[in-house]
$ cat work-v8.cif   # mmCIF, C-alpha atoms
data_data
loop_
_atom_site.group_PDB
_atom_site.id
_atom_site.type_symbol
_atom_site.label_atom_id
_atom_site.label_comp_id
_atom_site.auth_asym_id
_atom_site.auth_seq_id
_atom_site.Cartn_x
_atom_site.Cartn_y
_atom_site.Cartn_z
ATOM 1 C CA MET G 1 4.244 11.245 28.230
ATOM 2 C CA GLN G 2 6.393 8.143 27.916
ATOM 3 C CA ASP G 3 3.218 6.012 27.761
ATOM 4 C CA GLU G 4 1.883 8.031 24.815
ATOM 5 C CA LEU G 5 5.184 7.727 22.954
ATOM 6 C CA SER G 6 5.307 3.977 23.623
ATOM 7 C CA THR G 7 1.706 3.553 22.445
ATOM 8 C CA LEU G 8 2.348 5.478 19.235
ATOM 9 C CA THR G 9 5.611 3.610 18.606
ATOM 10 C CA LEU G 10 3.827 0.263 18.988
ATOM 11 C CA ALA G 11 0.949 1.329 16.704
ATOM 12 C CA LEU G 12 3.370 2.617 14.066
ATOM 13 C CA GLN G 13 5.443 -0.568 14.264
ATOM 14 C CA GLN G 14 2.298 -2.645 13.687
ATOM 15 C CA ALA G 15 1.238 -0.429 10.768
ATOM 16 C CA LEU G 16 4.678 -0.751 9.174
ATOM 17 C CA GLN G 17 4.268 -4.542 9.168
ATOM 18 C CA THR G 18 1.076 -4.479 7.102
ATOM 19 C CA CYS G 19 0.821 -1.151 5.247
ATOM 20 C CA ASP G 20 2.719 0.400 2.355
ATOM 21 C CA LEU G 21 1.747 3.936 3.302
ATOM 22 C CA ILE G 22 1.022 5.252 6.796
ATOM 23 C CA LEU G 23 -0.791 8.518 7.280
ATOM 24 C CA LEU G 24 -0.641 10.151 10.722
ATOM 25 C CA THR G 25 -2.300 13.430 11.673
ATOM 26 C CA GLY G 26 -1.165 15.685 14.490
ATOM 27 C CA GLY G 27 1.842 15.272 16.709
ATOM 28 C CA VAL G 28 4.474 16.450 14.201
ATOM 29 C CA SER G 29 5.358 19.919 15.468
ATOM 30 C CA VAL G 30 7.729 20.676 18.351
ATOM 31 C CA GLY G 31 5.365 20.666 21.315
ATOM 32 C CA THR G 32 5.478 18.494 24.406
ATOM 33 C CA TYR G 33 3.039 15.953 22.932
ATOM 34 C CA ASP G 34 4.365 15.875 19.367
ATOM 35 C CA PHE G 35 5.610 12.281 19.320
ATOM 36 C CA VAL G 36 5.487 11.339 15.631
ATOM 37 C CA PRO G 37 9.155 12.106 14.768
ATOM 38 C CA GLN G 38 10.440 10.213 17.816
ATOM 39 C CA ALA G 39 8.078 7.263 17.316
ATOM 40 C CA ALA G 40 9.121 7.076 13.668
ATOM 41 C CA GLN G 41 12.787 7.095 14.674
ATOM 42 C CA ASN G 42 12.077 4.369 17.245
ATOM 43 C CA CYS G 43 10.636 2.260 14.394
ATOM 44 C CA GLY G 44 13.623 2.742 12.112
ATOM 45 C CA VAL G 45 11.922 5.235 9.794
ATOM 46 C CA LEU G 46 14.430 7.459 8.014
ATOM 47 C CA PRO G 47 13.169 11.068 8.052
ATOM 48 C CA LEU G 48 13.468 12.573 4.579
ATOM 49 C CA PHE G 49 12.195 15.933 5.797
ATOM 50 C CA HIS G 50 10.421 17.474 8.768
ATOM 51 C CA LYS G 51 8.871 20.894 8.211
ATOM 52 C CA VAL G 52 8.215 22.649 4.936
ATOM 53 C CA SER G 53 8.380 26.370 4.144
ATOM 54 C CA GLN G 54 4.681 26.847 3.642
ATOM 55 C CA ARG G 55 1.498 28.073 5.269
ATOM 56 C CA PRO G 56 -0.659 26.256 6.166
ATOM 57 C CA GLY G 57 1.116 23.002 6.864
ATOM 58 C CA LYS G 58 4.621 23.910 7.982
ATOM 59 C CA PRO G 59 5.006 21.103 10.560
ATOM 60 C CA PHE G 60 4.905 18.272 7.999
ATOM 61 C CA TYR G 61 6.872 15.017 8.334
ATOM 62 C CA PHE G 62 7.865 12.542 5.629
ATOM 63 C CA GLY G 63 9.953 9.430 6.091
ATOM 64 C CA LYS G 64 10.610 5.947 4.733
ATOM 65 C CA ARG G 65 11.553 2.558 6.056
ATOM 66 C CA GLY G 66 12.526 0.462 3.088
ATOM 67 C CA GLU G 67 9.630 0.796 0.645
ATOM 68 C CA LYS G 68 7.212 1.882 3.404
ATOM 69 C CA ILE G 69 6.187 5.546 3.388
ATOM 70 C CA VAL G 70 5.216 7.524 6.493
ATOM 71 C CA PHE G 71 3.444 10.872 6.279
ATOM 72 C CA GLY G 72 2.998 12.942 9.435
ATOM 73 C CA LEU G 73 0.462 15.664 8.691
ATOM 74 C CA PRO G 74 -0.057 18.693 10.950
ATOM 75 C CA GLY G 75 -2.927 18.760 13.410
ATOM 76 C CA ASN G 76 -4.930 21.774 12.280
ATOM 77 C CA PRO G 77 -7.704 20.765 9.861
ATOM 78 C CA SER G 78 -6.811 23.167 7.061
ATOM 79 C CA SER G 79 -3.141 22.214 7.341
ATOM 80 C CA VAL G 80 -4.042 18.522 7.142
ATOM 81 C CA LEU G 81 -6.114 18.999 3.990
ATOM 82 C CA THR G 82 -3.551 21.242 2.331
ATOM 83 C CA CYS G 83 -0.707 18.787 2.946
ATOM 84 C CA PHE G 84 -2.910 15.864 1.951
ATOM 85 C CA TYR G 85 -3.684 17.385 -1.452
ATOM 86 C CA LEU G 86 -0.156 18.665 -2.088
ATOM 87 C CA TYR G 87 1.876 15.657 -0.903
ATOM 88 C CA VAL G 88 -0.194 12.563 -0.157
ATOM 89 C CA VAL G 89 -2.378 12.614 -3.289
ATOM 90 C CA PRO G 90 0.672 12.711 -5.619
ATOM 91 C CA ALA G 91 2.191 9.790 -3.691
ATOM 92 C CA LEU G 92 -1.046 7.817 -4.001
ATOM 93 C CA GLU G 93 -1.130 8.600 -7.715
ATOM 94 C CA LYS G 94 2.379 7.265 -8.150
ATOM 95 C CA LEU G 95 1.755 4.156 -6.063
ATOM 96 C CA GLY G 96 -1.585 3.417 -7.704
ATOM 97 C CA GLN G 97 -0.539 4.524 -11.187
ATOM 98 C CA LYS G 98 -3.691 6.651 -11.424
ATOM 99 C CA ASN G 99 -4.198 10.367 -11.912
ATOM 100 C CA PHE G 100 -6.849 11.837 -9.638
ATOM 101 C CA GLY G 101 -4.984 14.749 -8.099
ATOM 102 C CA LEU G 102 -4.721 18.427 -8.564
ATOM 103 C CA GLN G 103 -4.762 20.152 -11.910
ATOM 104 C CA THR G 104 -2.741 23.344 -12.061
ATOM 105 C CA VAL G 105 -3.597 26.450 -14.080
ATOM 106 C CA GLN G 106 -2.405 30.051 -14.261
ATOM 107 C CA ALA G 107 -5.025 32.707 -13.534
ATOM 108 C CA PRO G 108 -5.143 36.393 -12.593
ATOM 109 C CA LEU G 109 -5.694 37.134 -8.923
ATOM 110 C CA SER G 110 -8.951 39.039 -8.400
ATOM 111 C CA LYS G 111 -7.681 41.135 -5.474
ATOM 112 C CA SER G 112 -4.282 42.121 -4.099
ATOM 113 C CA TYR G 113 -2.548 40.036 -1.436
ATOM 114 C CA GLN G 114 0.239 40.969 0.995
ATOM 115 C CA LYS G 115 2.441 38.668 3.092
ATOM 116 C CA THR G 116 5.895 38.488 4.594
ATOM 117 C CA ALA G 117 8.646 36.596 2.782
ATOM 118 C CA GLY G 118 9.830 33.229 4.034
ATOM 119 C CA LEU G 119 6.885 30.876 3.487
ATOM 120 C CA THR G 120 4.953 29.829 0.409
ATOM 121 C CA HIS G 121 1.264 30.502 1.046
ATOM 122 C CA PHE G 122 -1.425 28.175 -0.232
ATOM 123 C CA LEU G 123 -4.570 30.264 0.034
ATOM 124 C CA LYS G 124 -7.994 28.671 0.041
ATOM 125 C CA GLY G 125 -9.790 30.206 -2.882
ATOM 126 C CA THR G 126 -12.285 29.954 -5.685
ATOM 127 C CA TYR G 127 -11.553 29.687 -9.368
ATOM 128 C CA ASP G 128 -14.360 30.513 -11.808
ATOM 129 C CA GLY G 129 -12.556 29.451 -14.963
ATOM 130 C CA TYR G 130 -11.056 32.926 -15.453
ATOM 131 C CA THR G 131 -9.866 34.412 -12.151
ATOM 132 C CA ALA G 132 -8.718 33.196 -8.746
ATOM 133 C CA THR G 133 -10.122 34.791 -5.598
ATOM 134 C CA GLN G 134 -8.705 34.207 -2.133
ATOM 135 C CA LEU G 135 -11.328 33.587 0.539
ATOM 136 C CA SER G 136 -11.468 35.122 4.002
ATOM 137 C CA GLY G 137 -10.645 32.890 6.963
ATOM 138 C CA GLN G 138 -7.217 31.625 5.904
ATOM 139 C CA GLU G 139 -6.160 30.549 9.420
ATOM 140 C CA SER G 140 -5.311 26.831 9.568
ATOM 141 C CA TYR G 141 -7.961 26.082 12.201
ATOM 142 C CA ARG G 142 -10.784 27.602 10.105
ATOM 143 C CA MET G 143 -12.750 25.202 7.951
ATOM 144 C CA HIS G 144 -15.557 27.413 6.632
ATOM 145 C CA SER G 145 -13.377 28.785 3.856
ATOM 146 C CA PHE G 146 -12.172 25.278 2.999
ATOM 147 C CA ALA G 147 -15.786 24.151 2.610
ATOM 148 C CA ARG G 148 -16.264 26.913 0.008
ATOM 149 C CA ALA G 149 -12.890 26.544 -1.737
ATOM 150 C CA ASN G 150 -12.372 24.800 -5.053
ATOM 151 C CA CYS G 151 -8.655 25.615 -5.298
ATOM 152 C CA PHE G 152 -5.422 26.611 -3.611
ATOM 153 C CA ILE G 153 -3.803 29.823 -4.766
ATOM 154 C CA GLU G 154 -0.029 29.530 -4.506
ATOM 155 C CA ILE G 155 1.953 32.621 -3.491
ATOM 156 C CA GLY G 156 5.707 31.954 -3.603
ATOM 157 C CA GLU G 157 8.065 31.988 -0.645
ATOM 158 C CA ALA G 158 9.969 35.127 -1.677
ATOM 159 C CA VAL G 159 6.887 37.084 -2.794
ATOM 160 C CA THR G 160 5.615 39.793 -0.437
ATOM 161 C CA SER G 161 2.988 41.472 -2.588
ATOM 162 C CA VAL G 162 0.726 40.347 -5.417
ATOM 163 C CA GLU G 163 -1.308 42.980 -7.195
ATOM 164 C CA GLU G 164 -4.797 42.437 -8.563
ATOM 165 C CA GLY G 165 -4.620 40.938 -12.052
ATOM 166 C CA THR G 166 -1.221 39.279 -11.552
ATOM 167 C CA LEU G 167 -1.049 35.699 -12.854
ATOM 168 C CA VAL G 168 -0.704 33.166 -10.054
ATOM 169 C CA THR G 169 -0.518 29.380 -9.882
ATOM 170 C CA VAL G 170 -3.869 27.829 -9.003
ATOM 171 C CA HIS G 171 -4.191 24.213 -7.844
ATOM 172 C CA LEU G 172 -7.706 22.993 -8.573
ATOM 173 C CA LEU G 173 -9.162 20.691 -5.940
ATOM 174 C CA PRO G 174 -10.770 17.433 -7.117
ATOM 175 C CA LYS G 175 -14.556 17.533 -7.281
#
$ encode --input "work-v8.cif" --output "structure tokens"
Amino acid sequence: MQDELSTLTLALQQALQTCDLILLTGGVSVGTYDFVPQAAQNCGVLPLFHKVSQRPGKPFYFGKRGEKIVFGLPGNPSSVLTCFYLYVVPALEKLGQKNFGLQTVQAPLSKSYQKTAGLTHFLKGTYDGYTATQLSGQESYRMHSFARANCFIEIGEAVTSVEEGTLVTVHLLPK
């Protein structure tokens, strides 16, 4: 395990010498092989946060070393894409002074949704210009629903139940 940490630390150190923004995927949770936070610390990266109260994408890392930005995205594909659209795209917009990110609209939910409190849910869904519909297959390892999605439907952290017809925030994915 020490070899993997050393390899990642060296690669991150090299990236920090030449890149303004570093994007890492996987290795940010709390498992035995999740080396990103330690490698970042070894390279003098100041963690601004590690973990967000959302699903998918809870094990998300963000840090800086001077003007250099380090994103550590989760390893599951749906979590990576969700965090990329919600956090990395806005950073790229700011750095590049261009707007190519997510548009946000309010729309009624086409069917009820239940969840436990504690995490904001970003559901893969479809938006037809009038209503938002959550897709089946919301697990972070499932990509079929992401291939069909044209939006994220945001259900707030404290919310436990959303009835059909309730207005929700919809983040439209770029085409």
$ axis_aligned_box --input "work-v8.cif" --around "region 143-161 of chain G" --padding-each-side "6 Å" --output "JSON"
{"center_x": -3.1, "center_y": 32.8, "center_z": 1.3, "size_x": 38.2, "size_y": 29.3, "size_z": 25.2}
$ atom_distance --input "work-v8.cif" --atom1 "CA of Ser136 (chain G)" --atom2 "CA of Ser29 (chain G)"
25.4 Å
$ atom_distance --input "work-v8.cif" --atom1 "CA of Ile69 (chain G)" --atom2 "CA of Ala91 (chain G)"
9.2 Å
$ resolve_selection --input "work-v8.cif" --expression "the PyMOL selection byres ((chain G and resi 41-47) around 8)" --output "PyMOL selection string"
chain G and resi 9+12-13+37-40+48-50+61-65+70
$ atom_distance --input "work-v8.cif" --atom1 "CA of Tyr127 (chain G)" --atom2 "CA of Leu172 (chain G)"
7.8 Å
